[in-house]
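Asker: One file is attached below, query_17.tsv, containing TSV, C-alpha atoms.
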chain	number	residue	atom	x	y	z
A	70	MET	CA	72.37	-103.17	-47.70
A	71	PHE	CA	68.66	-102.64	-47.98
A	72	LYS	CA	67.22	-99.69	-46.14
A	73	ALA	CA	64.23	-100.27	-43.90
A	74	PRO	CA	61.66	-97.50	-43.39
A	75	SER	CA	62.66	-94.63	-41.12
A	76	GLU	CA	61.72	-94.80	-37.46
A	77	PHE	CA	58.39	-93.01	-37.37
A	78	GLN	CA	57.54	-93.18	-41.03
A	79	ARG	CA	53.85	-93.37	-41.60
A	80	ALA	CA	52.99	-96.96	-42.33
A	81	PRO	CA	49.70	-98.61	-42.95
A	82	PHE	CA	47.06	-100.59	-40.95
A	83	PRO	CA	43.68	-101.21	-40.25
A	84	ALA	CA	41.23	-100.43	-37.57
A	85	GLU	CA	37.93	-102.19	-37.02
A	86	THR	CA	35.03	-100.56	-38.83
A	87	ARG	CA	31.90	-100.66	-36.75
A	88	GLU	CA	29.53	-98.71	-38.96
A	89	SER	CA	27.86	-101.91	-40.04
A	90	GLU	CA	28.89	-105.04	-38.18
A	91	PRO	CA	29.36	-108.13	-40.33
A	92	ARG	CA	26.37	-110.31	-39.69
A	93	HIS	CA	24.70	-113.35	-41.15
A	94	GLU	CA	21.90	-112.45	-43.48
A	95	ASP	CA	19.70	-114.95	-41.69
A	96	ALA	CA	19.79	-117.10	-38.59
A	97	PRO	CA	21.45	-120.50	-39.07
A	98	ALA	CA	19.09	-123.22	-40.18
A	99	ALA	CA	20.25	-125.47	-37.34
A	100	ALA	CA	19.33	-122.82	-34.80
A	101	ARG	CA	15.88	-122.44	-36.30
A	102	ALA	CA	15.33	-126.17	-36.43
A	103	SER	CA	16.24	-126.61	-32.79
A	104	SER	CA	13.87	-123.91	-31.64
A	105	PRO	CA	10.60	-125.12	-30.10
A	106	ALA	CA	7.55	-124.76	-32.29
A	107	VAL	CA	5.45	-121.74	-31.37
A	108	PRO	CA	1.82	-121.52	-32.46
A	109	THR	CA	1.11	-118.67	-34.82
A	110	ARG	CA	-0.75	-115.86	-33.13
A	111	PRO	CA	-2.06	-112.63	-34.64
A	112	ALA	CA	-0.46	-110.65	-31.83
A	113	ALA	CA	2.99	-111.91	-32.76
A	114	SER	CA	3.19	-109.59	-35.74
A	115	ALA	CA	2.63	-106.62	-33.47
A	116	ARG	CA	5.53	-107.53	-31.21
A	117	PRO	CA	8.17	-104.78	-31.18
A	118	ALA	CA	11.15	-105.35	-33.41
A	119	ALA	CA	13.39	-104.82	-30.42
A	120	ASP	CA	12.23	-108.17	-29.06
A	121	ALA	CA	13.67	-110.03	-32.05
A	122	PRO	CA	16.93	-111.85	-31.39
A	123	ALA	CA	20.07	-110.08	-32.59
A	124	LYS	CA	21.53	-111.37	-35.82
A	125	ARG	CA	24.82	-113.18	-35.58
A	126	ARG	CA	28.07	-111.77	-36.92
A	127	ASP	CA	29.42	-113.22	-40.14
A	128	ALA	CA	32.36	-115.46	-39.23
A	129	TYR	CA	33.98	-114.99	-42.63
A	130	PHE	CA	34.42	-111.25	-42.29
A	131	ASP	CA	35.59	-111.51	-38.70
A	132	ASN	CA	38.20	-114.01	-39.90
A	133	VAL	CA	39.25	-111.59	-42.64
A	134	LYS	CA	39.74	-108.77	-40.16
A	135	TYR	CA	41.69	-110.87	-37.68
A	136	LEU	CA	44.04	-112.36	-40.28
A	137	ALA	CA	44.57	-108.93	-41.86
A	138	ILE	CA	45.51	-107.35	-38.53
A	139	VAL	CA	47.99	-110.16	-37.88
A	140	LEU	CA	49.64	-109.46	-41.23
A	141	VAL	CA	49.81	-105.76	-40.39
A	142	ALA	CA	51.44	-106.36	-37.02
A	143	VAL	CA	53.93	-108.86	-38.42
A	144	ALA	CA	54.88	-106.55	-41.28
A	145	HIS	CA	55.42	-103.67	-38.85
A	146	ALA	CA	57.61	-105.94	-36.71
A	147	TRP	CA	59.72	-106.81	-39.76
A	148	GLU	CA	60.65	-103.19	-40.44
A	149	PRO	CA	63.41	-102.86	-37.80
A	150	VAL	CA	65.00	-106.24	-38.62
A	151	MET	CA	64.71	-106.69	-42.38
A	152	ASP	CA	67.67	-104.49	-43.27
A	153	GLY	CA	69.99	-106.58	-45.44
A	154	SER	CA	67.61	-109.52	-45.93
A	155	ARG	CA	66.38	-109.74	-49.50
A	156	THR	CA	63.93	-112.52	-48.66
A	157	THR	CA	62.32	-110.60	-45.79
A	158	ARG	CA	62.13	-107.47	-47.90
A	159	ALA	CA	60.38	-109.45	-50.65
A	160	LEU	CA	57.86	-110.88	-48.18
A	161	TYR	CA	57.33	-107.41	-46.76
A	162	MET	CA	56.61	-106.03	-50.24
A	163	VAL	CA	54.06	-108.75	-50.99
A	164	VAL	CA	52.24	-108.26	-47.68
A	165	TYR	CA	52.24	-104.48	-48.03
A	166	THR	CA	50.80	-104.77	-51.51
A	167	PHE	CA	47.47	-106.15	-50.27
A	168	HIS	CA	46.98	-106.11	-46.50
A	169	MET	CA	45.76	-102.51	-46.27
A	170	PRO	CA	43.83	-102.61	-49.57
A	171	ALA	CA	42.03	-105.73	-48.29
A	172	PHE	CA	41.10	-104.05	-45.04
A	173	ILE	CA	40.04	-100.85	-46.80
A	174	LEU	CA	37.90	-102.80	-49.25
A	175	ILE	CA	36.11	-104.53	-46.36
A	176	SER	CA	35.69	-101.14	-44.67
A	177	GLY	CA	34.01	-99.82	-47.80
A	178	TYR	CA	31.78	-102.88	-48.05
A	179	PHE	CA	30.44	-102.28	-44.54
A	180	SER	CA	30.06	-98.55	-45.13
A	181	ARG	CA	27.41	-99.00	-47.83
A	182	SER	CA	24.59	-98.07	-45.46
A	183	PHE	CA	26.21	-94.84	-44.26
A	184	ASP	CA	23.80	-92.02	-45.05
A	185	MET	CA	24.71	-89.13	-42.71
A	186	SER	CA	21.75	-89.88	-40.44
A	187	PRO	CA	22.21	-88.55	-36.87
A	188	ALA	CA	22.79	-92.00	-35.34
A	189	LYS	CA	25.40	-92.96	-37.92
A	190	VAL	CA	27.16	-89.63	-37.70
A	191	LYS	CA	27.38	-90.16	-33.96
A	192	ARG	CA	28.94	-93.59	-34.46
A	193	LEU	CA	31.39	-92.13	-36.96
A	194	VAL	CA	32.46	-89.47	-34.48
A	195	THR	CA	32.72	-91.76	-31.45
A	196	GLY	CA	34.13	-94.77	-33.30
A	197	VAL	CA	36.59	-93.03	-35.64
A	198	ALA	CA	37.14	-89.33	-34.93
A	199	VAL	CA	37.49	-89.59	-31.15
A	200	PRO	CA	39.93	-92.55	-31.30
A	201	TYR	CA	41.97	-90.60	-33.85
A	202	VAL	CA	42.29	-87.59	-31.55
A	203	LEU	CA	43.16	-89.72	-28.52
A	204	PHE	CA	45.67	-92.02	-30.19
A	205	GLU	CA	47.29	-89.35	-32.34
A	206	THR	CA	47.97	-87.49	-29.09
A	207	ALA	CA	49.13	-90.69	-27.35
A	208	TYR	CA	51.58	-91.61	-30.12
A	209	SER	CA	52.96	-88.08	-30.20
A	210	LEU	CA	53.60	-88.14	-26.45
A	211	PHE	CA	55.03	-91.64	-26.70
A	212	LYS	CA	57.50	-90.55	-29.36
A	213	ARG	CA	58.40	-87.44	-27.37
A	214	TYR	CA	59.06	-89.08	-24.02
A	215	ALA	CA	59.84	-92.73	-24.78
A	216	GLY	CA	61.55	-92.05	-28.09
A	217	GLY	CA	63.50	-89.03	-26.88
A	218	ALA	CA	62.18	-86.78	-29.66
A	219	ASP	CA	61.53	-83.72	-27.53
A	220	ASP	CA	60.51	-81.61	-30.52
A	221	THR	CA	57.61	-83.88	-31.49
A	222	PRO	CA	54.54	-81.64	-31.75
A	223	ILE	CA	51.04	-82.68	-30.78
A	224	THR	CA	49.08	-82.00	-33.92
A	225	LEU	CA	46.02	-83.53	-35.52
A	226	LEU	CA	47.08	-82.50	-39.02
A	227	ASP	CA	50.06	-84.82	-39.49
A	228	PRO	CA	49.09	-88.39	-38.51
A	229	LEU	CA	51.86	-90.43	-36.90
A	230	PHE	CA	52.59	-94.05	-37.76
A	231	LEU	CA	49.31	-95.99	-37.98
A	232	THR	CA	46.80	-93.30	-36.99
A	233	TRP	CA	46.48	-92.23	-40.62
A	234	PHE	CA	43.91	-94.95	-41.23
A	235	LEU	CA	41.42	-93.43	-38.80
A	236	ILE	CA	41.41	-90.01	-40.40
A	237	ALA	CA	41.31	-91.65	-43.84
A	238	LEU	CA	38.30	-93.77	-42.84
A	239	PHE	CA	36.55	-90.66	-41.53
A	240	ILE	CA	37.03	-88.84	-44.84
A	241	TRP	CA	36.08	-91.84	-46.97
A	242	ARG	CA	32.95	-92.59	-44.98
A	243	VAL	CA	31.74	-88.99	-44.94
A	244	THR	CA	31.97	-88.97	-48.74
A	245	THR	CA	30.08	-92.27	-49.12
A	246	PRO	CA	26.81	-90.64	-50.29
A	247	LEU	CA	28.77	-88.86	-53.03
A	248	TRP	CA	30.30	-92.07	-54.39
A	249	GLN	CA	26.95	-93.83	-54.29
A	250	SER	CA	25.37	-91.09	-56.38
A	251	LEU	CA	27.93	-91.21	-59.21
A	252	ARG	CA	27.41	-93.26	-62.35
A	253	HIS	CA	31.02	-94.52	-62.51
A	254	PRO	CA	32.46	-94.03	-59.01
A	255	LEU	CA	35.43	-96.41	-59.35
A	256	ALA	CA	36.66	-94.70	-62.52
A	257	VAL	CA	36.44	-91.32	-60.78
A	258	ALA	CA	38.27	-92.65	-57.70
A	259	LEU	CA	41.04	-94.14	-59.86
A	260	THR	CA	41.41	-90.83	-61.69
A	261	ILE	CA	41.75	-89.01	-58.36
A	262	ALA	CA	44.35	-91.53	-57.18
A	263	VAL	CA	46.39	-91.11	-60.37
A	264	LEU	CA	46.26	-87.32	-60.16
A	265	ALA	CA	47.34	-87.44	-56.52
A	266	SER	CA	50.35	-89.60	-57.40
A	267	VAL	CA	51.66	-86.88	-59.72
A	268	THR	CA	50.85	-83.90	-57.49
A	269	PRO	CA	53.60	-83.21	-54.94
A	270	GLY	CA	51.88	-80.02	-53.76
A	271	ILE	CA	49.25	-81.95	-51.81
A	272	GLY	CA	51.54	-82.02	-48.78
A	273	ASP	CA	51.34	-84.00	-45.56
A	274	ASP	CA	48.24	-82.50	-43.94
A	275	LEU	CA	45.88	-85.31	-42.88
A	276	ASP	CA	48.06	-87.63	-44.98
A	277	LEU	CA	45.91	-86.71	-47.98
A	278	GLN	CA	48.30	-88.36	-50.42
A	279	ARG	CA	47.58	-91.72	-48.86
A	280	VAL	CA	43.88	-90.95	-48.43
A	281	LEU	CA	43.51	-90.18	-52.13
A	282	GLN	CA	45.78	-92.90	-53.49
A	283	LEU	CA	44.00	-95.62	-51.49
A	284	LEU	CA	40.52	-94.22	-52.15
A	285	PRO	CA	39.72	-96.65	-55.03
A	286	PHE	CA	39.76	-99.64	-52.68
A	287	PHE	CA	37.16	-98.05	-50.42
A	288	VAL	CA	34.97	-97.10	-53.37
A	289	LEU	CA	35.30	-100.62	-54.77
A	290	GLY	CA	34.13	-101.97	-51.43
A	291	LEU	CA	31.03	-99.77	-51.67
A	292	LEU	CA	30.21	-101.40	-55.00
A	293	LEU	CA	30.57	-105.01	-53.84
A	294	LYS	CA	27.67	-107.31	-53.04
A	295	PRO	CA	27.53	-110.59	-51.06
A	296	GLU	CA	27.60	-112.64	-54.25
A	297	HIS	CA	31.00	-111.18	-55.14
A	298	PHE	CA	32.49	-112.66	-51.99
A	299	ARG	CA	30.82	-115.98	-52.75
A	300	MET	CA	32.48	-115.94	-56.17
A	301	VAL	CA	35.88	-115.23	-54.63
A	302	ARG	CA	35.55	-118.25	-52.34
A	303	ARG	CA	34.96	-120.69	-55.20
A	304	ARG	CA	37.34	-123.65	-55.46
A	305	GLU	CA	38.72	-122.65	-58.86
A	306	VAL	CA	39.60	-119.20	-57.55
A	307	ARG	CA	41.50	-120.73	-54.64
A	308	LEU	CA	43.44	-123.02	-56.96
A	309	LEU	CA	44.28	-120.19	-59.35
A	310	SER	CA	45.46	-118.04	-56.45
A	311	LEU	CA	48.34	-120.43	-55.66
A	312	PRO	CA	50.38	-119.85	-58.85
A	313	LEU	CA	49.51	-116.15	-58.72
A	314	LEU	CA	50.87	-115.86	-55.18
A	315	ALA	CA	53.98	-117.85	-56.11
A	316	GLY	CA	54.55	-115.53	-59.06
A	317	ALA	CA	54.13	-112.48	-56.83
A	318	LEU	CA	56.75	-113.81	-54.41
A	319	LEU	CA	59.23	-114.49	-57.21
A	320	PHE	CA	58.69	-111.07	-58.72
A	321	ALA	CA	59.05	-109.41	-55.31
A	322	TYR	CA	62.34	-111.25	-54.74
A	323	TRP	CA	63.61	-109.92	-58.07
A	324	ALA	CA	62.32	-106.39	-57.38
A	325	ALA	CA	63.44	-106.20	-53.74
A	326	PRO	CA	66.82	-104.52	-54.40
A	327	ARG	CA	65.43	-102.46	-57.30
A	328	MET	CA	62.17	-100.97	-56.06
A	329	GLN	CA	61.54	-98.22	-53.50
A	330	LEU	CA	59.26	-99.09	-50.61
A	331	GLY	CA	57.62	-95.67	-50.93
A	332	TRP	CA	55.45	-97.01	-53.76
A	333	PHE	CA	53.80	-99.40	-51.31
A	334	TYR	CA	53.07	-96.75	-48.66
A	335	ARG	CA	51.33	-94.46	-51.17
A	336	SER	CA	52.18	-91.46	-49.02
A	337	ASN	CA	54.26	-89.57	-51.61
A	338	SER	CA	53.97	-88.46	-55.19
A	339	ALA	CA	56.24	-89.81	-57.90
A	340	GLN	CA	58.31	-86.62	-57.89
A	341	GLU	CA	58.88	-86.89	-54.14
A	342	LEU	CA	60.20	-90.42	-54.72
A	343	GLY	CA	62.68	-89.09	-57.27
A	344	ALA	CA	60.85	-90.63	-60.22
A	345	PRO	CA	59.49	-88.97	-63.39
A	346	TRP	CA	55.98	-87.59	-62.99
A	347	TRP	CA	54.42	-90.01	-65.50
A	348	SER	CA	55.64	-93.00	-63.49
A	349	GLY	CA	53.18	-91.99	-60.76
A	350	ALA	CA	50.24	-92.70	-63.07
A	351	VAL	CA	51.73	-95.99	-64.27
A	352	MET	CA	52.61	-97.20	-60.77
A	353	SER	CA	49.29	-96.10	-59.32
A	354	LEU	CA	47.33	-98.23	-61.78
A	355	ALA	CA	49.82	-101.10	-61.62
A	356	MET	CA	49.77	-101.16	-57.81
A	357	PHE	CA	45.97	-101.08	-57.84
A	358	GLY	CA	45.86	-104.10	-60.14
A	359	CYS	CA	48.45	-106.06	-58.15
A	360	ALA	CA	46.76	-105.23	-54.86
A	361	LEU	CA	43.38	-106.30	-56.20
A	362	VAL	CA	44.74	-109.65	-57.44
A	363	LEU	CA	46.51	-110.42	-54.16
A	364	THR	CA	43.49	-109.29	-52.15
A	365	ILE	CA	41.35	-111.79	-54.07
A	366	CYS	CA	43.94	-114.48	-53.38
A	367	PHE	CA	43.85	-113.61	-49.68
A	368	LEU	CA	40.05	-113.50	-49.46
A	369	ALA	CA	39.76	-116.80	-51.33
A	370	TRP	CA	41.64	-118.67	-48.60
A	371	VAL	CA	40.06	-117.08	-45.53
A	372	PRO	CA	38.00	-119.75	-43.71
A	373	ARG	CA	34.24	-119.35	-43.78
A	374	ARG	CA	33.45	-121.28	-40.61
A	375	HIS	CA	33.71	-120.20	-37.00
A	376	LEU	CA	37.22	-120.86	-35.63
A	377	TRP	CA	39.05	-120.16	-32.38
A	378	PHE	CA	40.10	-116.70	-33.59
A	379	THR	CA	36.81	-115.64	-35.18
A	380	ALA	CA	35.61	-113.75	-32.10
A	381	LEU	CA	38.83	-111.73	-32.15
A	382	GLY	CA	37.70	-110.09	-35.38
A	383	ALA	CA	35.45	-107.84	-33.31
A	384	GLY	CA	38.48	-106.44	-31.46
A	385	THR	CA	40.81	-105.58	-34.31
A	386	ILE	CA	40.55	-101.85	-33.55
A	387	CYS	CA	42.37	-102.51	-30.27
A	388	GLY	CA	44.98	-104.72	-31.87
A	389	TYR	CA	45.59	-102.14	-34.55
A	390	LEU	CA	45.90	-99.13	-32.30
A	391	LEU	CA	47.92	-100.79	-29.52
A	392	HIS	CA	50.44	-102.95	-31.37
A	393	GLY	CA	52.25	-99.85	-32.61
A	394	PHE	CA	53.31	-99.02	-29.06
A	395	LEU	CA	54.96	-102.44	-28.79
A	396	VAL	CA	56.80	-102.18	-32.11
A	397	LYS	CA	57.94	-98.61	-31.59
A	398	GLY	CA	58.70	-99.21	-27.92
A	399	ALA	CA	61.01	-102.09	-28.80
A	400	GLY	CA	62.86	-99.77	-31.15
A	401	TYR	CA	63.04	-96.89	-28.69
A	402	PHE	CA	64.57	-99.10	-26.02
A	403	GLY	CA	67.15	-100.53	-28.42
A	404	LEU	CA	65.86	-104.08	-28.39
A	405	PHE	CA	66.72	-104.72	-32.03
A	406	ASP	CA	70.17	-103.11	-31.72
A	407	ARG	CA	70.98	-105.04	-28.55
A	408	TYR	CA	70.04	-108.41	-29.99
A	409	GLU	CA	71.43	-108.42	-33.51
A	410	TRP	CA	70.51	-112.08	-33.99
A	411	LEU	CA	66.90	-110.90	-34.44
A	412	SER	CA	67.88	-109.84	-37.95
A	413	GLY	CA	68.84	-113.42	-38.85
A	414	PRO	CA	66.50	-116.14	-40.12
A	415	ALA	CA	65.75	-117.51	-36.64
A	416	GLY	CA	65.26	-114.01	-35.28
A	417	LEU	CA	62.77	-113.15	-38.02
A	418	VAL	CA	60.73	-116.21	-37.14
A	419	VAL	CA	60.77	-115.22	-33.46
A	420	VAL	CA	59.82	-111.62	-34.26
A	421	SER	CA	56.96	-112.79	-36.48
A	422	LEU	CA	55.58	-115.18	-33.85
A	423	VAL	CA	55.85	-112.62	-31.05
A	424	ALA	CA	54.08	-109.99	-33.16
A	425	ALA	CA	51.29	-112.43	-34.09
A	426	VAL	CA	50.78	-113.54	-30.48
A	427	ALA	CA	50.89	-109.98	-29.16
A	428	VAL	CA	48.31	-108.61	-31.59
A	429	THR	CA	46.11	-111.65	-30.94
A	430	ALA	CA	46.18	-110.89	-27.22
A	431	LEU	CA	45.35	-107.24	-27.92
A	432	CYS	CA	42.21	-108.27	-29.84
A	433	THR	CA	40.72	-110.28	-26.96
A	434	PRO	CA	37.45	-109.24	-25.27
A	435	PRO	CA	39.09	-108.13	-21.96
A	436	VAL	CA	41.33	-105.67	-23.82
A	437	ARG	CA	38.41	-104.45	-25.88
A	438	ARG	CA	36.36	-103.83	-22.75
A	439	ALA	CA	39.23	-102.05	-21.01
A	440	LEU	CA	39.81	-99.79	-24.03
A	441	ARG	CA	36.16	-99.08	-24.79
A	442	PHE	CA	36.40	-95.61	-23.23
A	443	ALA	CA	38.78	-94.66	-26.05
A	444	THR	CA	37.64	-96.79	-28.99
A	445	GLU	CA	33.88	-96.99	-28.43
A	446	PRO	CA	32.90	-94.13	-26.08
A	447	ASP	CA	29.18	-93.61	-25.61
A	448	MET	CA	29.24	-89.79	-25.42
A	449	ASN	CA	25.46	-89.40	-25.37
A	450	TRP	CA	26.02	-86.19	-23.44
A	451	ALA	CA	27.59	-84.59	-26.53
A	452	PHE	CA	24.75	-85.31	-28.97
A	453	ARG	CA	21.14	-84.34	-29.37
A	454	ARG	CA	18.50	-86.93	-28.63
A	455	GLY	CA	17.94	-87.91	-32.27
A	456	ALA	CA	21.58	-88.94	-32.65
A	457	THR	CA	21.52	-91.21	-29.61
A	458	GLU	CA	18.60	-93.30	-30.89
A	459	ARG	CA	19.86	-96.31	-32.87
Show the structure stored in the file as structure tokens.
Answerer:
Amino acid sequence: MFKAPSEFQRAPFPAETRESEPRHEDAPAAARASSPAVPTRPAASARPAADAPAKRRDAYFDNVKYLAIVLVAVAHAWEPVMDGSRTTRALYMVVYTFHMPAFILISGYFSRSFDMSPAKVKRLVTGVAVPYVLFETAYSLFKRYAGGADDTPITLLDPLFLTWFLIALFIWRVTTPLWQSLRHPLAVALTIAVLASVTPGIGDDLDLQRVLQLLPFFVLGLLLKPEHFRMVRRREVRLLSLPLLAGALLFAYWAAPRMQLGWFYRSNSAQELGAPWWSGAVMSLAMFGCALVLTICFLAWVPRRHLWFTALGAGTICGYLLHGFLVKGAGYFGLFDRYEWLSGPAGLVVVSLVAAVAVTALCTPPVRRALRFATEPDMNWAFRRGATER
């Protein structure tokens, strides 16, 4: 029998990064063509910039975020029901190889403008640090009272379940100016990741193992430019991605009964996984390469146009932070033990669909507005005037 992850094992997924919203570089040509002609006037150049229309969000990146959060929710929903299913375990391994790296890479890409200015520091605190404190506390209380774990402490040092990503994003973004000043930042980040994978003494505080082992994807995102994403979306890349994905699925099916899932979580060193120390370096580089290839395959097939779910990309922070309560709640109340058929093929399809629909609902504008007090608090009262001016 295959062993699924333990009940409250830290497992990945993404939150929405709002430091730099994905936007079109220019207004659509159709919109400009349909605008009425306005005579040129000297005074127009003196008009305040605030009067200019807001740039539109980039549909491609919103699509990436929405599809990535769906994969995260579905993978989390598989954990309680994949025990004994080699096929589900293989799918789980493939998804876990790239879904967080893809989201982290996009987070790095939109963190390129972070410069520790007062306004951006304020957004980092209110959009990342405050949600971490609130939801780390909420998940601890949820585990204590709904899960019956009375000894669960409320601590900000040991992230529970999916809150690790928020503290990781805080650390990565604060160090952005450092990475942008280095000559070879990706090589340095990969070296740090390899060293972390062979250093069991790092411990669990702030989930630093995972922060350091996933760091290269954030740094890579900082190095990317718009033309890189245009290259990924080329037709030949999409065609090449199909055999690569098929090969990954076949390899995962072979490796499913042979490989520990701990390598995919990146939250432990090689020694803690019972492997020789040198295997940490090998697996760290191998997992980086596999994740990068599958991330490219994923990004190549994400639609570029505006679709029915595009607007939901702006609410992925809510879907990310809330879907964990549904998955863990179902486990706490014995749903998966009571209905054993959920572990069968039909049950896995049902679980996947329910998870996808649930996280989609959690990304909708009404949920985002209702949760804004926790995910996007204003908090002008806590900052000096310079930090509140955007």
Asker: Identify which of the residues A:Leu319, A:Leu210, A:Leu342, A:Ala215 lies closest to Ser266 of chain A, counting only C-alpha atoms when measuring atom-to-atom distances.
Answerer: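 Nearest candidate to Ser266 of chain A out of A:Leu319, A:Leu210, A:Leu342, A:Ala215: A:Leu342.
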Asker: Using only C-alpha atoms, find the one residue out of A:Val423, A:Leu292, A:Met356, A:Val267 that sits nearest to Met162 of chain A.
Answerer: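 Once distances to Met162 of chain A are computed over only C-alpha atoms, the minimum belongs to A:Met356.
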Asker: Given all atoms listed in the file as the basis, pick out the residue of A:Arg242, A:Lys189, A:Arg158, A:Arg407 nearest to Gln329 of chain A.
Answerer: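 For Gln329 of chain A, the nearest of the given residues is A:Arg158.
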Asker: Do you know which residues are at most 12 Å from Thr156 of chain A counting all atoms listed in the file, after dropping those on the same chain fewer than 6 positions away, and could you put them as a VMD selection string?
Answerer: chain A and resid 71 147 150 162 to 163 318 to 326 412 to 414 417
Asker: Would you pick out the contacts of Pro446 of chain A at 9 Å or less, using only C-alpha atoms, so that residues sharing its chain but fewer than 4 positions from it are not included, and give the list as a list in words?
Answerer: Thr195, Gly196, Val199, Pro200, Arg441 and Phe442 of chain A
Asker: Could you tell me how far atom CA of Gly416 of chain A sits from atom CA of Leu330 of chain A, in Å to one decimal place?
Answerer: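 Taking atom CA of Leu330 of chain A and atom CA of Gly416 of chain A, their separation equals 22.2 Å.
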Asker: Between atom CA of Val280 of chain A and atom CA of Ala265 of chain A, measure the distance and give it in Å to one decimal.
Answerer: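 Result for atom CA of Val280 of chain A versus atom CA of Ala265 of chain A: 9.5 Å, one decimal.
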Asker: Please identify all polymer residues within 9 Å of Cys359 of chain A, counting only C-alpha atoms, omitting same-chain residues fewer than 4 positions from it, and present them as a ChimeraX atom specification.
Answerer: /A:166-167,317,354-355,363-364
Asker: Can you measure atom CA of Thr444 of chain A to atom CA of Leu174 of chain A for me? One decimal in Å is fine.
Answerer: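 The value is 21.1 Å.
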Asker: In the coordinates of the file, take the point (45.9, -92.9, -40.4) and a cut-off of 12 Å; then, counting all atoms listed in the file, name each qualifying protein, DNA or RNA residue as a compact mmCIF listing (two decimals) with C-alpha atoms, in the coordinates of the input.
Answerer:
# COMPACT_ATOMS: atom_id res chain seq x y z
CA GLN A 78 57.54 -93.18 -41.03
CA ARG A 79 53.85 -93.37 -41.60
CA ALA A 80 52.99 -96.96 -42.33
CA PRO A 81 49.70 -98.61 -42.95
CA PHE A 82 47.06 -100.59 -40.95
CA PRO A 83 43.68 -101.21 -40.25
CA ALA A 84 41.23 -100.43 -37.57
CA MET A 169 45.76 -102.51 -46.27
CA ILE A 173 40.04 -100.85 -46.80
CA VAL A 197 36.59 -93.03 -35.64
CA ALA A 198 37.14 -89.33 -34.93
CA PRO A 200 39.93 -92.55 -31.30
CA TYR A 201 41.97 -90.60 -33.85
CA VAL A 202 42.29 -87.59 -31.55
CA PHE A 204 45.67 -92.02 -30.19
CA GLU A 205 47.29 -89.35 -32.34
CA TYR A 208 51.58 -91.61 -30.12
CA LEU A 225 46.02 -83.53 -35.52
CA LEU A 226 47.08 -82.50 -39.02
CA ASP A 227 50.06 -84.82 -39.49
CA PRO A 228 49.09 -88.39 -38.51
CA LEU A 229 51.86 -90.43 -36.90
CA PHE A 230 52.59 -94.05 -37.76
CA LEU A 231 49.31 -95.99 -37.98
CA THR A 232 46.80 -93.30 -36.99
CA TRP A 233 46.48 -92.23 -40.62
CA PHE A 234 43.91 -94.95 -41.23
CA LEU A 235 41.42 -93.43 -38.80
CA ILE A 236 41.41 -90.01 -40.40
CA ALA A 237 41.31 -91.65 -43.84
CA LEU A 238 38.30 -93.77 -42.84
CA PHE A 239 36.55 -90.66 -41.53
CA ILE A 240 37.03 -88.84 -44.84
CA TRP A 241 36.08 -91.84 -46.97
CA ASP A 273 51.34 -84.00 -45.56
CA ASP A 274 48.24 -82.50 -43.94
CA LEU A 275 45.88 -85.31 -42.88
CA ASP A 276 48.06 -87.63 -44.98
CA LEU A 277 45.91 -86.71 -47.98
CA GLN A 278 48.30 -88.36 -50.42
CA ARG A 279 47.58 -91.72 -48.86
CA VAL A 280 43.88 -90.95 -48.43
CA LEU A 283 44.00 -95.62 -51.49
CA TYR A 334 53.07 -96.75 -48.66
CA SER A 336 52.18 -91.46 -49.02
CA TYR A 389 45.59 -102.14 -34.55
CA LEU A 390 45.90 -99.13 -32.30
Asker: Which is closer to Phe394 of chain A than all the others in A:Phe452, A:Phe287, A:Phe211, A:Phe367, using all atoms listed in the file?
Answerer: A:Phe211
Asker: Find the residue from A:His145, A:Arg454, A:Arg126, A:His253 that sits nearest to Val420 of chain A; use all atoms listed in the file when measuring.
Answerer: A:His145
Asker: Under the rule that all atoms listed in the file are counted, which of A:Arg438, A:Lys294, A:Arg252, A:His168 is the nearest residue to Cys366 of chain A?
Answerer: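 Closest to Cys366 of chain A, using all atoms listed in the file: A:His168.
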Asker: For Ala137 of chain A, find every residue with an atom within 7 Å (counting only C-alpha atoms), except residues of its own chain fewer than 3 positions away, and show them as a ChimeraX atom specification.
Answerer: /A:133-134,140-141,168,172
Asker: Counting all atoms listed in the file, what is within 7 Å of segment 297-307 of chain A, bar same-chain residues fewer than 3 positions away, as number ranges by chain?
Answerer: A: 293-294, 310-311, 365-366, 368-370
